[in-house]
file target.cif (mmCIF, C-alpha atoms and all ligand atoms)
data_coords
loop_
_atom_site.label_atom_id
_atom_site.label_comp_id
_atom_site.auth_asym_id
_atom_site.auth_seq_id
_atom_site.Cartn_x
_atom_site.Cartn_y
_atom_site.Cartn_z
CA MET R 147 2.63 0.54 12.65
CA ILE R 148 1.70 -1.39 9.56
CA ILE R 149 2.92 -4.95 9.08
CA TYR R 150 2.70 -6.17 5.49
CA PHE R 151 1.88 -9.82 4.85
CA PRO R 152 1.30 -11.96 1.76
CA VAL R 153 -2.40 -12.54 1.21
CA VAL R 154 -4.82 -14.22 -1.16
CA ILE R 155 -7.01 -11.21 -1.87
CA LYS R 156 -10.03 -13.21 -2.99
CA GLN R 157 -10.01 -15.21 0.26
CA LEU R 158 -9.58 -12.05 2.28
CA PHE R 159 -12.76 -10.61 0.74
CA THR R 160 -14.78 -13.82 1.02
CA LEU R 161 -13.69 -14.93 4.50
CA GLY R 162 -13.63 -11.49 6.12
CA LYS R 163 -12.76 -11.77 9.81
CA ASP R 164 -12.40 -15.56 9.47
CA TYR R 165 -9.34 -15.12 7.25
CA PRO R 166 -6.32 -16.89 8.83
CA PHE R 167 -4.29 -13.77 9.52
CA PRO R 168 -0.69 -14.53 10.51
CA ARG R 169 0.40 -13.62 14.01
CA PRO R 170 3.64 -11.60 14.16
CA ALA R 171 6.27 -13.37 16.23
CA VAL R 172 7.52 -10.16 17.83
CA CYS R 173 6.57 -6.51 18.03
CA PRO R 174 8.34 -4.59 15.21
CA CYS R 175 8.98 -1.69 17.60
CA CYS R 176 10.29 -3.26 20.81
CA GLU R 177 10.67 -6.94 19.79
CA SER R 178 8.46 -8.10 22.62
CA ASN R 179 6.65 -11.36 21.99
CA ARG R 180 3.59 -10.28 23.97
CA LEU R 181 1.18 -9.22 21.21
CA TRP R 182 -2.51 -9.32 21.95
CA SER R 183 -5.28 -9.38 19.44
CA HIS R 184 -6.77 -5.90 19.11
CA GLY R 185 -9.77 -6.60 16.92
CA TYR R 186 -10.32 -5.65 13.32
CA VAL R 187 -10.49 -2.45 11.36
CA LEU R 188 -12.50 -1.88 8.20
CA ARG R 189 -10.42 -0.62 5.29
CA TYR R 190 -11.35 0.03 1.69
CA LEU R 191 -8.85 -1.58 -0.63
CA PHE R 192 -9.08 -1.52 -4.41
CA TYR R 193 -12.12 0.82 -4.18
CA THR R 194 -14.54 -2.06 -4.31
CA GLN R 195 -15.71 -2.97 -0.85
CA GLY R 196 -14.57 -2.82 2.71
CA VAL R 197 -12.39 -5.55 4.10
CA TYR R 198 -11.52 -6.28 7.71
CA LEU R 199 -7.84 -6.21 8.63
CA LYS R 200 -6.47 -7.68 11.84
CA ARG R 201 -4.79 -5.57 14.48
CA TYR R 202 -2.46 -6.50 17.33
CA ARG R 203 -1.47 -4.50 20.37
CA CYS R 204 1.90 -4.81 22.06
CA VAL R 205 1.58 -5.15 25.82
CA ASP R 206 5.02 -3.68 26.48
CA CYS R 207 5.15 -0.59 24.23
CA CYS R 208 1.34 -0.20 23.89
CA ARG R 209 1.56 0.31 20.12
CA VAL R 210 -1.12 -0.99 17.79
CA HIS R 211 -0.01 -2.83 14.65
CA MET R 212 -2.28 -3.46 11.67
CA LEU R 213 -1.76 -6.25 9.17
CA LYS R 214 -2.02 -4.98 5.60
CA PRO R 215 -1.79 -6.96 2.35
CA LYS R 216 1.66 -6.87 0.80
CA GLY R 217 1.86 -4.83 -2.39
CA ILE R 218 -0.35 -1.98 -1.20
CA LEU R 219 1.56 1.28 -0.90
CA SER R 220 1.20 3.15 2.36
CA HIS R 221 -1.60 5.75 2.33
CA HIS R 222 -3.07 4.24 -0.85
CA GLN R 223 -5.88 1.80 -1.51
CA SER R 224 -4.67 0.40 -4.82
CA SER R 225 -2.00 -2.21 -5.23
CA CYS R 226 1.40 -1.23 -6.53
CA LEU R 227 0.77 -3.40 -9.57
CA GLU R 228 -2.53 -1.68 -10.34
CA ILE R 229 -0.94 1.76 -10.08
CA PHE R 230 1.90 0.65 -12.35
CA ARG R 231 -0.61 -0.73 -14.89
CA HIS R 232 -2.40 2.65 -15.02
CA LEU R 233 0.92 4.45 -15.32
CA TYR R 234 2.05 2.16 -18.14
CA LEU R 235 -1.20 2.66 -20.08
CA TYR R 236 -0.98 6.41 -19.58
CA VAL R 237 2.56 6.55 -20.96
CA LEU R 238 1.69 4.14 -23.80
CA ASN R 239 -1.58 5.75 -24.92
CA GLY R 240 -1.15 9.31 -23.71
CA SER R 241 -4.56 9.15 -22.02
CA TYR R 242 -6.00 7.86 -18.79
CA ASP R 243 -7.61 4.42 -18.50
CA THR R 244 -10.72 5.27 -16.47
CA THR R 245 -12.33 1.82 -16.40
CA HIS R 246 -11.53 1.11 -12.74
CA CYS R 247 -10.01 4.34 -11.48
CA SER R 248 -10.86 8.00 -11.95
CA ARG R 249 -8.76 10.36 -14.04
CA GLN R 250 -8.45 12.69 -11.06
CA ARG R 251 -6.93 9.97 -8.87
CA GLN R 252 -4.45 9.00 -11.57
CA ARG R 253 -3.47 12.65 -12.09
CA HIS R 254 -2.83 12.85 -8.35
CA TRP R 255 -0.63 9.73 -8.51
CA PHE R 256 1.38 10.90 -11.49
CA LYS R 257 1.86 14.39 -10.08
CA SER R 258 3.22 12.90 -6.83
CA LEU R 259 5.40 10.50 -8.82
CA ASP R 260 6.80 13.30 -10.98
CA ARG R 261 7.59 15.37 -7.90
CA ASN R 262 9.32 12.43 -6.17
CA ILE R 263 11.36 11.60 -9.27
CA ARG R 264 12.64 15.20 -9.41
CA LEU R 265 13.29 15.18 -5.67
CA TYR R 266 15.07 11.83 -5.28
CA ILE R 267 16.44 10.94 -8.72
CA GLY R 268 16.68 14.02 -10.90
CA PHE R 269 15.17 15.19 -14.17
CA SER R 270 16.66 12.61 -16.52
CA VAL R 271 14.26 9.64 -16.15
CA ASP R 272 10.78 8.93 -17.46
CA LEU R 273 7.81 8.12 -15.20
CA ILE R 274 8.05 4.31 -15.55
CA THR R 275 11.78 4.16 -14.90
CA GLY R 276 11.37 6.58 -12.02
CA PHE R 277 8.57 4.50 -10.48
CA GLU R 278 10.69 1.35 -10.59
CA ARG R 279 13.81 3.11 -9.37
CA LEU R 280 12.03 4.70 -6.39
CA LEU R 281 10.63 1.28 -5.43
CA THR R 282 14.07 -0.31 -5.59
CA MET R 283 15.38 2.54 -3.43
CA GLY R 284 12.80 1.48 -0.83
CA LEU R 285 10.75 4.64 -1.24
CA ASN R 286 7.05 5.06 -1.84
CA PRO R 287 6.91 6.52 -5.37
CA LEU R 288 3.62 8.28 -4.61
CA ARG R 289 4.64 9.64 -1.22
CA ARG R 290 3.09 12.99 -0.43
CA PRO R 291 5.11 15.79 1.16
CA LYS R 292 4.62 16.32 4.88
ZN ZN R 301 6.16 -3.38 21.37
#
call {"tool": "encode", "arguments": {"input": "target.cif", "output": "C-alpha cells"}}
result
Amino acid sequence: MIIYFPVVIKQLFTLGKDYPFPRPAVCPCCESNRLWSHGYVLRYLFYTQGVYLKRYRCVDCCRVHMLKPKGILSHHQSSCLEIFRHLYLYVLNGSYDTTHCSRQRQRHWFKSLDRNIRLYIGFSVDLITGFERLLTMGLNPLRRPK
C-alpha cells in the first residue's frame, strides 16, 4: 500500500536515504503499531533521476507500505500540478508543451482523462473542469482501465 506524505522534493533528491522520512503511527490496513523498516526502493519521479523511497512492513498483516510524496498520482511519475500545467497549456495553445515531457506521454494522459470524464461525469465538461472535478471526487483523473 502507498502512504502519501508531504515532502520537500529538493531535500528528497539531495539527501537520498538520509531524508527524514516520517514513520506511520499505525498500519493503514490492520491498524497495528508494529511497523518495521523494510529498506528503500528506487523510484523515478519527475523523469529526472531516481530517488529512494522508504518502505515499512507490518509485522501483523505482513503487508509492505511505501512512502510516496504527496501530489503524485498513483501509477504516474509526474506531480498532479505538473500534469495540470501541461493540460492547461494544451487547452490554451492547442499544442503540446514538449519542454519537459513528451507529446506521446501527454496524449496518453489526455486520452485517459477524456475517457474518465465520459465515464464518471458525462460529456458536458471540458478537460480542465473534468480534471478538477475528478480530483474533488477522490478519483485519479488519469486512471487506466483494469
Ligand atoms: Zn498491518
call {"tool": "residues_near_ligand", "arguments": {"input": "target.cif", "ligand": "ligand ZN 301 (chain R)", "cutoff": "7 Å", "atoms": "only C-alpha atoms and all ligand atoms", "output": "list of chain:residue names"}}
result
R:Cys173, R:Pro174, R:Cys175, R:Cys176, R:Glu177, R:Ser178, R:Cys204, R:Val205, R:Asp206, R:Cys207, R:Cys208, R:Arg209
call {"tool": "residues_around", "arguments": {"input": "target.cif", "residues": "region 241-249 of chain R", "least_positions_apart": "2", "cutoff": "10 Å", "atoms": "only C-alpha atoms", "output": "VMD selection string"}}
result
chain R and resid 192 to 194 224 228 to 229 231 to 239 251 to 255
call {"tool": "closest_residue", "arguments": {"input": "target.cif", "among": "R:Ile274, R:Leu288, R:Leu188, R:Val197", "to": "Asn262 (chain R)", "atoms": "only C-alpha atoms"}}
result
R:Leu288
call {"tool": "residues_around", "arguments": {"input": "target.cif", "residues": "Ile263 (chain R)", "least_positions_apart": "2", "cutoff": "9 Å", "atoms": "only C-alpha atoms", "output": "PyMOL selection string"}}
result
chain R and resi 258-261+265-269+271-273+276-277+279-280+287
call {"tool": "axis_aligned_box", "arguments": {"input": "target.cif", "around": "region 180-196 of chain R", "padding_each_side": "5 Å", "output": "JSON"}}
result
{"center_x": -6.1, "center_y": -4.7, "center_z": 9.8, "size_x": 29.3, "size_y": 21.1, "size_z": 38.4}
call {"tool": "closest_residue", "arguments": {"input": "target.cif", "among": "R:His222, R:Arg289, R:Lys214, R:Arg264", "to": "Ile155 (chain R)", "atoms": "all atoms listed in the file"}}
result
R:Lys214
call {"tool": "residues_around", "arguments": {"input": "target.cif", "residues": "His211 (chain R)", "least_positions_apart": "2", "cutoff": "6 Å", "atoms": "all atoms listed in the file", "output": "list in words"}}
result
Met147, Ile148, Arg201 and Tyr202 of chain R
call {"tool": "write_last_selection", "arguments": {"input": "target.cif", "atoms": "C-alpha atoms", "output": "PDB file, keeping the file's coordinate frame"}}
result
ATOM      1  CA  MET R 147       2.630   0.540  12.650  1.00  0.00           C
ATOM      2  CA  ILE R 148       1.700  -1.390   9.560  1.00  0.00           C
ATOM      3  CA  ARG R 201      -4.790  -5.570  14.480  1.00  0.00           C
ATOM      4  CA  TYR R 202      -2.460  -6.500  17.330  1.00  0.00           C
TER       5      TYR R 202
END
call {"tool": "atom_distance", "arguments": {"input": "target.cif", "atom1": "CA of Val154 (chain R)", "atom2": "CA of Val187 (chain R)"}}
result
18.1 Å
